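Asker: Just so it is clear, I am handing over entry.txt, which has compact mmCIF, C-alpha atoms.
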# COMPACT_ATOMS: atom_id res chain seq x y z
CA MET A 1 -20.95 238.03 133.28
CA THR A 2 -23.54 240.79 133.69
CA GLN A 3 -27.06 239.42 133.82
CA LEU A 4 -30.53 240.77 134.48
CA THR A 5 -32.27 239.58 137.60
CA THR A 6 -35.58 237.71 137.42
CA ASP A 7 -37.44 240.83 138.62
CA GLN A 8 -35.68 243.02 136.06
CA ARG A 9 -36.64 240.69 133.22
CA ALA A 10 -40.21 240.60 134.47
CA LEU A 11 -40.42 244.41 134.58
CA ALA A 12 -38.92 244.66 131.10
CA ALA A 13 -41.42 242.14 129.71
CA ALA A 14 -44.38 243.89 131.37
CA ALA A 15 -43.33 247.36 130.17
CA VAL A 16 -42.73 246.29 126.56
CA ALA A 17 -46.04 244.38 126.46
CA ALA A 18 -47.90 247.40 127.86
CA GLY A 19 -46.13 249.84 125.53
CA THR A 20 -44.85 251.95 128.42
CA PRO A 21 -41.38 253.56 128.39
CA LEU A 22 -38.55 251.30 129.50
CA ALA A 23 -34.84 252.01 130.02
CA LEU A 24 -32.42 249.26 130.94
CA TRP A 25 -28.71 250.01 131.30
CA ARG A 26 -25.32 248.94 132.63
CA ILE A 27 -22.77 251.65 133.36
CA SER A 28 -19.32 250.88 131.95
CA GLY A 29 -17.41 248.64 134.33
CA ALA A 30 -20.42 248.04 136.61
CA ALA A 31 -21.45 244.58 137.77
CA ALA A 32 -25.23 244.96 137.51
CA PHE A 33 -28.00 246.41 135.38
CA ASP A 34 -30.49 249.09 136.36
CA VAL A 35 -34.04 248.89 134.96
CA LEU A 36 -36.53 251.75 134.93
CA ALA A 37 -40.16 251.77 133.80
CA ALA A 38 -42.31 254.89 133.43
CA THR A 39 -46.09 254.84 133.65
CA SER A 40 -46.50 258.00 131.57
CA ALA A 41 -45.20 259.13 128.18
CA PRO A 42 -41.71 260.68 127.91
CA ARG A 43 -41.73 264.46 128.24
CA PRO A 44 -39.10 267.09 127.34
CA VAL A 45 -37.22 268.48 130.36
CA PRO A 46 -34.01 270.41 131.03
CA VAL A 47 -31.39 267.84 131.98
CA PHE A 48 -29.55 270.10 134.39
CA ALA A 49 -32.00 272.19 136.40
CA ALA A 50 -32.43 273.45 139.95
CA THR A 51 -35.07 270.84 140.77
CA PRO A 52 -34.02 267.17 140.48
CA ASP A 53 -36.21 265.03 138.21
CA PRO A 54 -35.09 261.40 138.57
CA GLY A 55 -35.32 259.19 135.52
CA PHE A 56 -33.63 258.33 132.25
CA VAL A 57 -33.17 260.84 129.42
CA ILE A 58 -32.66 260.47 125.68
CA ALA A 59 -32.07 263.25 123.16
CA SER A 60 -31.93 263.21 119.38
CA PHE A 61 -29.10 264.44 117.17
CA ARG A 62 -31.31 267.23 115.89
CA THR A 63 -32.34 268.79 119.21
CA GLU A 64 -32.11 272.58 119.19
CA ASN A 65 -31.20 272.93 122.88
CA GLY A 66 -28.58 270.47 124.02
CA ASN A 67 -29.79 270.69 127.63
CA VAL A 68 -33.32 269.50 126.74
CA ALA A 69 -34.07 265.78 126.41
CA LEU A 70 -36.99 263.37 126.72
CA LEU A 71 -37.37 262.10 130.28
CA PHE A 72 -38.58 258.63 131.21
CA PRO A 73 -39.67 259.28 134.83
CA ALA A 74 -38.36 256.84 137.43
CA ASP A 75 -41.79 255.52 138.42
CA ILE A 76 -40.49 251.97 138.95
CA LEU A 77 -36.79 251.34 139.43
CA ILE A 78 -34.88 248.11 140.02
CA ARG A 79 -31.23 248.50 140.94
CA ALA A 80 -29.57 245.13 141.59
CA GLU A 81 -31.99 243.40 143.97
CA THR A 82 -33.82 246.54 145.16
CA LEU A 83 -37.30 247.35 143.77
CA ARG A 84 -38.48 250.92 144.39
CA PHE A 85 -41.56 252.94 143.43
CA ARG A 86 -41.76 256.71 143.14
CA ALA A 87 -44.60 259.26 143.24
CA GLY A 88 -43.70 262.94 143.45
CA ASN A 89 -40.66 263.21 145.69
CA ASP A 90 -41.43 260.07 147.66
CA TRP A 91 -39.98 256.57 147.25
CA SER A 92 -41.50 253.36 148.55
CA ASP A 93 -40.97 249.59 148.53
CA CYS A 94 -44.63 249.15 147.44
CA PRO A 95 -46.61 250.50 144.47
CA MET A 96 -47.77 254.07 145.10
CA THR A 97 -50.13 254.46 142.14
CA ASP A 98 -52.70 252.31 140.38
CA ALA A 99 -50.62 252.49 137.19
CA GLN A 100 -47.58 251.05 138.98
CA ALA A 101 -49.58 248.21 140.49
CA GLN A 102 -51.32 247.44 137.20
CA LEU A 103 -48.04 247.28 135.27
CA LEU A 104 -46.68 244.60 137.58
CA SER A 105 -49.93 242.68 137.89
CA SER A 106 -49.40 240.64 134.73
CA VAL A 107 -46.06 239.58 133.31
CA PRO A 108 -46.34 238.01 129.83
CA SER A 109 -44.40 234.90 128.92
CA GLY A 110 -42.25 234.47 125.83
CA PRO A 111 -39.45 236.60 124.38
CA VAL A 112 -39.34 240.39 124.79
CA GLN A 113 -39.50 241.86 121.29
CA ALA A 114 -39.75 245.34 119.80
CA ALA A 115 -42.98 246.72 118.44
CA GLU A 116 -43.27 247.75 114.80
CA GLY A 117 -44.84 251.11 115.57
CA ILE A 118 -42.07 253.30 114.13
CA ASP A 119 -41.18 252.80 110.48
CA PRO A 120 -37.68 251.37 110.12
CA VAL A 121 -35.18 253.34 108.07
CA ALA A 122 -33.82 252.02 104.79
CA GLY A 123 -30.32 250.63 104.52
CA THR A 124 -27.47 252.43 102.74
CA SER A 125 -25.63 250.58 99.99
CA ARG A 126 -21.85 250.66 99.66
CA THR A 127 -22.16 252.65 96.44
CA ASP A 128 -24.45 255.23 98.04
CA TYR A 129 -22.28 255.64 101.12
CA MET A 130 -19.09 256.05 99.12
CA ALA A 131 -20.84 258.67 97.00
CA ARG A 132 -21.89 260.43 100.23
CA VAL A 133 -18.28 260.42 101.40
CA ALA A 134 -17.14 261.85 98.06
CA ARG A 135 -19.71 264.67 98.28
CA THR A 136 -18.58 265.37 101.82
CA VAL A 137 -14.93 265.63 100.74
CA VAL A 138 -15.90 268.18 98.09
CA ALA A 139 -17.88 270.17 100.66
CA ILE A 140 -14.90 270.21 103.04
CA ARG A 141 -12.48 271.33 100.34
CA GLU A 142 -14.83 274.10 99.22
CA GLY A 143 -16.38 275.14 102.52
CA PRO A 144 -15.67 276.12 106.12
CA CYS A 145 -15.45 272.65 107.67
CA ASP A 146 -12.29 270.72 108.49
CA LYS A 147 -14.26 267.58 109.37
CA ILE A 148 -17.81 266.30 108.82
CA VAL A 149 -19.14 263.05 110.24
CA VAL A 150 -21.51 261.24 107.89
CA SER A 151 -23.36 258.03 108.66
CA ARG A 152 -25.15 255.13 107.07
CA VAL A 153 -27.60 252.39 108.04
CA GLU A 154 -27.15 248.64 107.68
CA THR A 155 -30.34 246.60 108.05
CA ARG A 156 -30.51 242.97 109.15
CA VAL A 157 -33.26 240.53 110.08
CA LEU A 158 -33.49 239.06 113.57
CA SER A 159 -34.57 235.51 114.28
CA GLU A 160 -38.21 234.85 115.11
CA SER A 161 -37.28 233.93 118.68
CA TYR A 162 -34.92 236.84 119.46
CA ASP A 163 -35.20 238.42 122.90
CA LEU A 164 -34.17 242.03 123.60
CA CYS A 165 -33.12 241.10 127.14
CA ASP A 166 -30.83 238.38 125.80
CA LEU A 167 -29.30 240.84 123.31
CA VAL A 168 -28.55 243.50 125.91
CA GLU A 169 -27.01 240.89 128.21
CA ALA A 170 -24.84 239.68 125.35
CA LEU A 171 -23.74 243.25 124.62
CA ALA A 172 -22.80 243.80 128.26
CA THR A 173 -20.73 240.61 128.29
CA ALA A 174 -19.02 241.37 124.97
CA HIS A 175 -18.28 245.01 125.87
CA PRO A 176 -17.50 245.30 129.61
CA ASP A 177 -16.07 248.81 129.25
CA ALA A 178 -19.01 250.25 127.30
CA PHE A 179 -22.22 251.88 128.45
CA VAL A 180 -24.79 249.29 127.40
CA ALA A 181 -28.51 250.08 127.19
CA LEU A 182 -31.91 249.07 125.88
CA VAL A 183 -34.35 251.97 125.55
CA THR A 184 -37.87 251.70 124.18
CA SER A 185 -41.04 253.80 124.01
CA ALA A 186 -43.73 254.66 121.48
CA ILE A 187 -42.04 258.02 120.85
CA THR A 188 -38.41 256.95 120.58
CA GLY A 189 -38.74 253.46 119.15
CA THR A 190 -36.42 250.73 120.43
CA TRP A 191 -32.64 251.23 120.68
CA LEU A 192 -29.77 248.94 121.61
CA VAL A 193 -26.57 250.76 122.58
CA ALA A 194 -22.96 249.87 123.46
CA SER A 195 -21.35 253.31 123.60
CA PRO A 196 -17.68 254.01 124.44
CA GLU A 197 -18.13 257.78 124.78
CA VAL A 198 -19.15 259.84 127.81
CA LEU A 199 -20.83 263.09 126.85
CA LEU A 200 -21.13 264.65 130.31
CA GLN A 201 -21.42 263.31 133.84
CA ARG A 202 -22.17 264.95 137.15
CA ASP A 203 -21.43 263.16 140.42
CA GLY A 204 -22.10 265.49 143.33
CA ASP A 205 -20.52 268.78 142.27
CA THR A 206 -17.90 267.23 139.96
CA ALA A 207 -18.31 267.31 136.16
CA TYR A 208 -16.57 264.91 133.81
CA THR A 209 -16.31 264.56 130.05
CA MET A 210 -13.88 263.19 127.48
CA ALA A 211 -12.37 264.04 124.12
CA LEU A 212 -12.57 260.94 121.91
CA ALA A 213 -11.17 261.06 118.39
CA GLY A 214 -9.83 258.81 115.65
CA THR A 215 -10.73 255.22 114.81
CA VAL A 216 -8.38 252.39 113.89
CA TRP A 217 -8.70 248.61 114.14
CA PRO A 218 -5.16 247.31 114.73
CA GLY A 219 -6.06 243.79 115.89
CA PRO A 220 -6.12 242.26 119.38
CA ASP A 221 -2.40 241.45 119.50
CA VAL A 222 -1.22 245.02 118.90
CA ASP A 223 0.11 246.92 121.92
CA ILE A 224 -1.99 250.07 121.59
CA ASP A 225 0.18 251.95 124.10
CA ARG A 226 2.91 251.82 121.47
CA PHE A 227 0.62 252.49 118.52
CA ASP A 228 1.88 255.20 116.14
CA TRP A 229 -1.16 257.39 115.50
CA PRO A 230 -1.35 259.31 112.20
CA ASP A 231 -0.62 263.02 112.55
CA LYS A 232 -4.11 263.97 111.32
CA ILE A 233 -5.76 262.00 114.15
CA VAL A 234 -3.40 263.48 116.76
CA GLU A 235 -4.25 266.95 115.45
CA GLU A 236 -7.97 266.15 115.41
CA GLN A 237 -7.86 264.96 119.02
CA ALA A 238 -6.03 268.14 120.00
CA LEU A 239 -8.71 270.26 118.31
CA VAL A 240 -11.47 268.40 120.15
CA SER A 241 -9.64 268.90 123.45
CA THR A 242 -9.28 272.60 122.73
CA TYR A 243 -13.01 272.89 122.02
CA ILE A 244 -13.88 271.18 125.32
CA ARG A 245 -11.41 273.35 127.22
CA GLU A 246 -12.98 276.48 125.73
CA ALA A 247 -16.50 275.20 126.52
CA PHE A 248 -15.59 274.80 130.21
CA ASP A 249 -14.03 278.25 130.24
CA ALA A 250 -17.09 279.85 128.59
CA GLU A 251 -19.28 278.54 131.43
CA GLY A 252 -16.93 279.90 134.09
CA LEU A 253 -15.45 276.49 134.93
CA ILE A 254 -11.73 277.16 135.05
CA GLN A 255 -10.35 274.63 137.56
CA VAL A 256 -10.32 271.82 135.00
CA GLU A 257 -8.04 268.80 135.31
CA GLU A 258 -7.07 267.35 131.93
CA THR A 259 -5.21 264.11 131.21
CA PRO A 260 -2.85 263.64 128.26
CA ALA A 261 -4.26 261.83 125.23
CA ARG A 262 -3.94 258.04 125.44
CA SER A 263 -4.93 255.06 123.33
CA VAL A 264 -8.06 253.18 124.43
CA ARG A 265 -9.82 250.09 123.10
CA ALA A 266 -13.55 249.95 122.38
CA ALA A 267 -14.38 246.41 121.21
CA SER A 268 -12.26 245.81 118.08
CA LEU A 269 -11.66 249.55 117.60
CA CYS A 270 -9.13 251.95 119.12
CA HIS A 271 -9.42 255.68 119.77
CA LEU A 272 -7.44 258.54 121.31
CA GLN A 273 -8.94 259.83 124.56
CA SER A 274 -8.37 262.67 127.01
CA ASP A 275 -10.36 263.12 130.24
CA PHE A 276 -11.61 266.38 131.77
CA ARG A 277 -12.79 266.86 135.38
CA CYS A 278 -13.94 269.97 137.17
CA ALA A 279 -15.25 270.47 140.72
CA GLY A 280 -17.74 273.14 141.71
CA ALA A 281 -20.02 272.78 138.68
CA ASP A 282 -23.55 274.03 139.38
CA ASP A 283 -26.71 273.36 137.34
CA ARG A 284 -26.47 276.62 135.39
CA ALA A 285 -22.91 275.93 134.28
CA LEU A 286 -23.67 272.29 133.47
CA ALA A 287 -26.72 273.26 131.40
CA GLY A 288 -24.59 275.61 129.34
CA LEU A 289 -21.79 273.10 129.05
CA LEU A 290 -24.14 270.35 127.82
CA ASN A 291 -25.59 272.71 125.22
CA ARG A 292 -22.07 273.47 123.99
CA LEU A 293 -20.94 269.84 123.89
CA HIS A 294 -23.94 268.27 122.10
CA PRO A 295 -23.52 267.18 119.38
CA THR A 296 -19.85 266.37 119.83
CA SER A 297 -17.31 266.68 117.05
CA ALA A 298 -17.01 262.87 117.13
CA VAL A 299 -20.53 262.59 115.73
CA CYS A 300 -20.91 265.93 113.96
CA GLY A 301 -17.72 267.67 112.84
CA MET A 302 -15.77 270.92 113.11
CA PRO A 303 -16.82 273.68 113.11
CA ARG A 304 -19.97 272.20 114.64
CA MET A 305 -22.79 274.31 113.20
CA PRO A 306 -21.89 274.19 109.46
CA ALA A 307 -21.06 270.48 109.83
CA ARG A 308 -24.45 269.87 111.44
CA GLU A 309 -26.25 271.76 108.69
CA PHE A 310 -24.48 269.69 106.02
CA ILE A 311 -25.41 266.43 107.78
CA LEU A 312 -29.08 267.39 108.02
CA ARG A 313 -29.15 268.27 104.30
CA GLU A 314 -27.31 265.10 103.31
CA GLU A 315 -28.92 262.55 105.65
CA GLY A 316 -32.30 264.11 106.40
CA ASP A 317 -33.89 262.72 109.57
CA THR A 318 -32.52 259.18 109.26
CA ARG A 319 -30.36 259.47 112.40
CA GLY A 320 -33.22 259.97 114.83
CA PHE A 321 -31.74 259.36 118.28
CA TYR A 322 -28.49 257.95 116.85
CA THR A 323 -25.65 260.36 117.75
CA GLY A 324 -27.89 262.01 120.30
CA TYR A 325 -27.30 261.16 123.94
CA LEU A 326 -28.89 259.10 126.70
CA GLY A 327 -28.42 258.05 130.31
CA PRO A 328 -29.72 258.10 133.89
CA LYS A 329 -30.60 261.49 135.37
CA ASP A 330 -30.63 262.57 139.04
CA LEU A 331 -30.39 259.05 140.42
CA ASP A 332 -28.56 258.87 143.75
CA GLY A 333 -27.01 262.28 143.16
CA ALA A 334 -25.55 261.49 139.75
CA THR A 335 -26.38 262.18 136.10
CA ARG A 336 -24.47 260.15 133.49
CA LEU A 337 -24.92 261.00 129.83
CA PHE A 338 -23.41 258.99 126.97
CA VAL A 339 -23.25 259.64 123.25
CA ASN A 340 -25.70 257.34 121.43
CA LEU A 341 -23.26 255.65 119.06
CA ARG A 342 -22.45 251.99 118.39
CA SER A 343 -26.22 251.67 118.40
CA ALA A 344 -29.06 250.05 116.52
CA ARG A 345 -32.78 250.67 116.12
CA VAL A 346 -35.09 247.64 116.34
CA SER A 347 -38.54 247.50 114.72
CA GLY A 348 -40.23 244.11 114.83
CA ARG A 349 -37.68 241.68 113.43
CA GLN A 350 -35.66 244.35 111.58
CA ILE A 351 -32.59 245.79 113.25
CA SER A 352 -30.93 248.86 111.72
CA LEU A 353 -27.29 249.34 112.66
CA HIS A 354 -26.27 253.01 112.55
CA VAL A 355 -22.59 253.66 111.85
CA GLY A 356 -20.52 256.53 110.52
CA GLY A 357 -17.11 258.12 110.28
CA GLY A 358 -15.34 261.45 110.36
CA ILE A 359 -14.51 262.74 106.88
CA VAL A 360 -11.65 265.14 106.14
CA ALA A 361 -10.28 266.58 102.91
CA ALA A 362 -7.93 263.59 102.42
CA SER A 363 -10.51 260.86 103.17
CA ASP A 364 -10.67 257.83 100.89
CA PRO A 365 -14.22 256.48 100.30
CA ASP A 366 -13.05 252.85 100.31
CA MET A 367 -11.32 253.23 103.67
CA GLU A 368 -14.29 255.12 105.11
CA TRP A 369 -16.62 252.31 104.04
CA GLN A 370 -14.36 249.76 105.74
CA GLU A 371 -14.33 251.79 108.94
CA THR A 372 -18.12 251.63 109.10
CA VAL A 373 -17.98 247.87 108.46
CA GLU A 374 -15.71 247.50 111.48
CA LYS A 375 -18.10 249.57 113.58
CA THR A 376 -21.07 247.34 112.72
CA LYS A 377 -19.27 244.52 114.55
CA THR A 378 -19.85 246.15 117.95
CA ILE A 379 -23.51 245.14 117.91
CA GLY A 380 -23.40 242.75 114.97
CA ARG A 381 -21.22 240.24 116.85
CA VAL A 382 -24.02 239.48 119.37
CA LEU A 383 -26.84 239.07 116.84
CA PRO A 384 -27.97 235.44 116.52
CA GLU A 385 -27.84 233.77 113.13
CA VAL A 386 -31.16 233.73 111.28
Output the file's structure as structure tokens, nothing else.
Answerer:
Amino acid sequence: MTQLTTDQRALAAAAVAAGTPLALWRISGAAAFDVLAATSAPRPVPVFAATPDPGFVIASFRTENGNVALLFPADILIRAETLRFRAGNDWSDCPMTDAQAQLLSSVPSGPVQAAEGIDPVAGTSRTDYMARVARTVVAIREGPCDKIVVSRVETRVLSESYDLCDLVEALATAHPDAFVALVTSAITGTWLVASPEVLLQRDGDTAYTMALAGTVWPGPDVDIDRFDWPDKIVEEQALVSTYIREAFDAEGLIQVEETPARSVRAASLCHLQSDFRCAGADDRALAGLLNRLHPTSAVCGMPRMPAREFILREEGDTRGFYTGYLGPKDLDGATRLFVNLRSARVSGRQISLHVGGGIVAASDPDMEWQETVEKTKTIGRVLPEV
């Protein structure tokens, strides 16, 4: 079971109490958490750039340049049992600034809970979401899009004694193959994430991404390797793969290794997935590739730009950082970005679960509602009873 260390919990408690940016994450399949605290406000930076800028990044769905995200600088970093401090390009085992020393000088007791600084979004009723799906079907039949991903919000109340550290530990235990994170700052608000989808990773000079499409919930006893996927999902996954292939090619990355589509489990859900790897990717090519990939068709639609415009008209700004991306940047030679889905925003005792689904011309509003219900279980299953 993945657990936070005593020092990691103490840093998380101190950062949340002080209102400074905090990012806490567990890479899919890893055995330990990483915890990062920044002593300054998040700032927009290019994710892939010539000069490394270690930290944790988070980008919204609405960002105009996919290669620009908010950076939480890695001022204090705890990886497993190692506590490190950073100032400029230097790392140390001791605080290097007054702000670093002050942050660790007093660790509050009691549960770690989200501030109420950012207004929580309102929930979406079943009737309203089904009407949204119906409007989306009409738009697809009459317009240029083959698929548009629309979302909704389900609000719940947390217990008075809830602890964000306990919740993120529970998520990591329940979803060992997901990227699990807790991210909080005055600018972004507080987010809990258990994402199955890699957006883009760089490890050394190797780039990796995936095409993830389709959602079914066949039950734990079903052999997904023998699952008979509907033709429309197989075609959708092929279209996503084609888009990714063309994005690599457009950035001059032609030596791409691609795996055949396979069935994968993500909690109680199943998807079709193909993997893409390419060596020799430099910062310029990766910056262009990230801009082409975000937002992905799994959270936006196809073609991307008209689908995005429809979503912004239909949903307004309710998504925030949901269906954006997040992850560690330039830490130990790697940058790992994940799509911010299967996520929830926490404000005080209210938690808002963000869920959605890909709509096509043949979509049925009842089935689309049920798909979102299944997706709420990713985070909903670890929430304590009130």
Asker: Env of A:Gly123: 7 Å cut, atoms = only C-alpha atoms, seq-sep filter 4 positions within chain, self excluded. Answer as JSON, numbers by chain.
Answerer: {"A": [153, 154, 155]}
Asker: At a cut-off of 7 Å, using all atoms listed in the file, what residues contact stretch 323-335 of chain A? Leave out same-chain residues fewer than 4 positions from it and give the result as a ChimeraX atom specification.
Answerer: /A:52-61,201-204,295,299,339-341
Asker: Measuring between only C-alpha atoms, which one of A:Ile148, A:Val373, A:Leu11, A:Leu24 shows the shortest distance to A:Arg308?
Answerer: A:Ile148
Asker: To one decimal place in Å, what is the distance between atom CA of A:Ala31 and atom CA of A:Glu169?
Answerer: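 Straight-line distance from atom CA of A:Ala31 to atom CA of A:Glu169 works out to 11.7 Å.
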Asker: Hey, which of A:Ser28, A:Thr184, A:Ala174, A:Thr51 ends up closest to A:Ala15? Count all atoms listed in the file.
Answerer: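 When distances to A:Ala15 are compared using all atoms listed in the file, the smallest one comes from A:Thr184.
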Asker: Nearest residue to A:Ala279 out of A:Asp225, A:Asp231, A:Glu257, A:Asp205, using all atoms listed in the file?
Answerer: A:Asp205
Asker: I'd like the neighbourhood of A:Ala101 as a PyMOL selection string, where a residue qualifies if any of its atoms comes within 12 Å (using only C-alpha atoms), though same-chain residues fewer than 5 positions away should be ignored.
Answerer: chain A and resi 11+14+39+75-76+85-86+93-96+106-107
Asker: For atom CA of A:Leu4 and atom CA of A:Val168, determine how far apart the two atoms are, in Å to one decimal place.
Answerer: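 Answer for the atom CA of A:Leu4 to atom CA of A:Val168 separation: 9.2 Å.
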Asker: Please report the interatomic distance between atom CA of A:Ala178 and atom CA of A:Ala41 in Å with one decimal.
Answerer: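 Straight-line distance from atom CA of A:Ala178 to atom CA of A:Ala41 works out to 27.7 Å.
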Asker: Kindly indicate which residue among A:Ala344, A:Val68, A:Cys300, A:Leu36 lies nearest to A:Phe48, using all atoms listed in the file for the distances.
Answerer: A:Val68
Asker: Nearest residue to A:Gly66 out of A:Leu353, A:Ala361, A:Leu290, A:Leu269, using all atoms listed in the file?
Answerer: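 Answer, going by the shortest atom-to-atom distance: A:Leu290.
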Asker: Name all residues at most 10 Å from A:Asn65 (count only C-alpha atoms; drop same-chain ones fewer than 2 positions away) and give them as a PDB file with C-alpha atoms, in the coordinates of the input.
Answerer:
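Heads up, here's the output in around_34.pdb:
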ATOM      1  CA  PRO A  46     -34.010 270.410 131.030  1.00  0.00           C
ATOM      2  CA  ALA A  59     -32.070 263.250 123.160  1.00  0.00           C
ATOM      3  CA  ARG A  62     -31.310 267.230 115.890  1.00  0.00           C
ATOM      4  CA  THR A  63     -32.340 268.790 119.210  1.00  0.00           C
ATOM      5  CA  ASN A  67     -29.790 270.690 127.630  1.00  0.00           C
ATOM      6  CA  VAL A  68     -33.320 269.500 126.740  1.00  0.00           C
ATOM      7  CA  ALA A  69     -34.070 265.780 126.410  1.00  0.00           C
ATOM      8  CA  ALA A 287     -26.720 273.260 131.400  1.00  0.00           C
ATOM      9  CA  GLY A 288     -24.590 275.610 129.340  1.00  0.00           C
ATOM     10  CA  LEU A 290     -24.140 270.350 127.820  1.00  0.00           C
ATOM     11  CA  ASN A 291     -25.590 272.710 125.220  1.00  0.00           C
ATOM     12  CA  ARG A 292     -22.070 273.470 123.990  1.00  0.00           C
ATOM     13  CA  HIS A 294     -23.940 268.270 122.100  1.00  0.00           C
TER      14      HIS A 294
END
Asker: Give me the residues near stretch 379-386 of chain A as a PyMOL selection string, where near means some atom within 10 Å (using all atoms listed in the file) and where sequence neighbours in that chain fewer than 2 positions away do not count.
Answerer: chain A and resi 156-162+166-175+192-194+267+342-344+351+353-354+373-377
Asker: May I ask which of the residues A:Ser185, A:Ser151, A:Gln350, A:Thr206 is the closest one to A:Ala298, counting all atoms listed in the file?
Answerer: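 Residue with the minimum atom-to-atom distance to A:Ala298: A:Ser151.
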Asker: Tell me which residues come within 10 Å of (-33.3, 266.8, 112.1), as a list in words, counting all atoms listed in the file in the file's coordinates.
Answerer: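 Residues found, by chain and rising number: Ser60, Phe61, Arg62, Thr63, Glu64, Arg308, Glu309, Ile311, Leu312, Arg313, Glu315, Gly316, Asp317, Thr318, Arg319, Gly320 and Phe321 of chain A.
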Asker: Axis-aligned box over every listed atom of stretch 359-367 of chain A, padded by 8 Å per side: centre and edges in Å to one decimal, as AutoDock Vina command-line options?
Answerer:
--center_x -11.2 --center_y 259.7 --center_z 103.6 --size_x 22.6 --size_y 29.7 --size_z 22.6
Asker: Taking (-38.0, 251.6, 121.9) in the coordinates of the supplied file, I want to know which residues reach to within 9 Å of it, counting all atoms listed in the file; could you give the answer as a list in words?
Answerer: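 Protein, DNA and RNA residues close to (-38.0, 251.6, 121.9): Val16, Pro21, Leu22, Ala23, Ala114, Ala115, Ile118, Leu182, Val183, Thr184, Ser185, Ala186, Ile187, Thr188, Gly189, Thr190, Trp191, Leu192, Arg345, Val346 and Ser347 of chain A.
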Asker: Add whatever atoms are absent from stretch 34-38 of chain A to reach all heavy atoms, and provide the output as an mmCIF file, in the coordinates of the input.
Answerer:
data_model
loop_
_atom_site.group_PDB
_atom_site.id
_atom_site.type_symbol
_atom_site.label_atom_id
_atom_site.label_comp_id
_atom_site.auth_asym_id
_atom_site.auth_seq_id
_atom_site.Cartn_x
_atom_site.Cartn_y
_atom_site.Cartn_z
ATOM 1 N N ASP A 34 -29.373 248.355 135.788
ATOM 2 C CA ASP A 34 -30.490 249.090 136.360
ATOM 3 C C ASP A 34 -31.628 249.032 135.348
ATOM 4 O O ASP A 34 -31.387 249.098 134.128
ATOM 5 C CB ASP A 34 -30.128 250.557 136.611
ATOM 6 C CG ASP A 34 -29.047 250.709 137.673
ATOM 7 O OD1 ASP A 34 -29.010 249.872 138.594
ATOM 8 O OD2 ASP A 34 -28.260 251.662 137.581
ATOM 9 N N VAL A 35 -32.869 248.932 135.836
ATOM 10 C CA VAL A 35 -34.040 248.890 134.960
ATOM 11 C C VAL A 35 -35.063 249.881 135.479
ATOM 12 O O VAL A 35 -35.383 249.885 136.674
ATOM 13 C CB VAL A 35 -34.655 247.477 134.897
ATOM 14 C CG1 VAL A 35 -35.862 247.468 133.958
ATOM 15 C CG2 VAL A 35 -33.629 246.456 134.433
ATOM 16 N N LEU A 36 -35.567 250.717 134.581
ATOM 17 C CA LEU A 36 -36.530 251.750 134.930
ATOM 18 C C LEU A 36 -37.734 251.649 134.008
ATOM 19 O O LEU A 36 -37.584 251.501 132.792
ATOM 20 C CB LEU A 36 -35.876 253.129 134.788
ATOM 21 C CG LEU A 36 -36.679 254.395 135.030
ATOM 22 C CD1 LEU A 36 -35.744 255.534 135.450
ATOM 23 C CD2 LEU A 36 -37.449 254.846 133.778
ATOM 24 N N ALA A 37 -38.925 251.721 134.589
ATOM 25 C CA ALA A 37 -40.160 251.770 133.800
ATOM 26 C C ALA A 37 -40.937 253.022 134.192
ATOM 27 O O ALA A 37 -41.035 253.355 135.385
ATOM 28 C CB ALA A 37 -41.002 250.528 134.023
ATOM 29 N N ALA A 38 -41.472 253.716 133.188
ATOM 30 C CA ALA A 38 -42.310 254.890 133.430
ATOM 31 C C ALA A 38 -43.756 254.527 133.130
ATOM 32 O O ALA A 38 -44.033 253.746 132.212
ATOM 33 C CB ALA A 38 -41.857 256.053 132.556
#
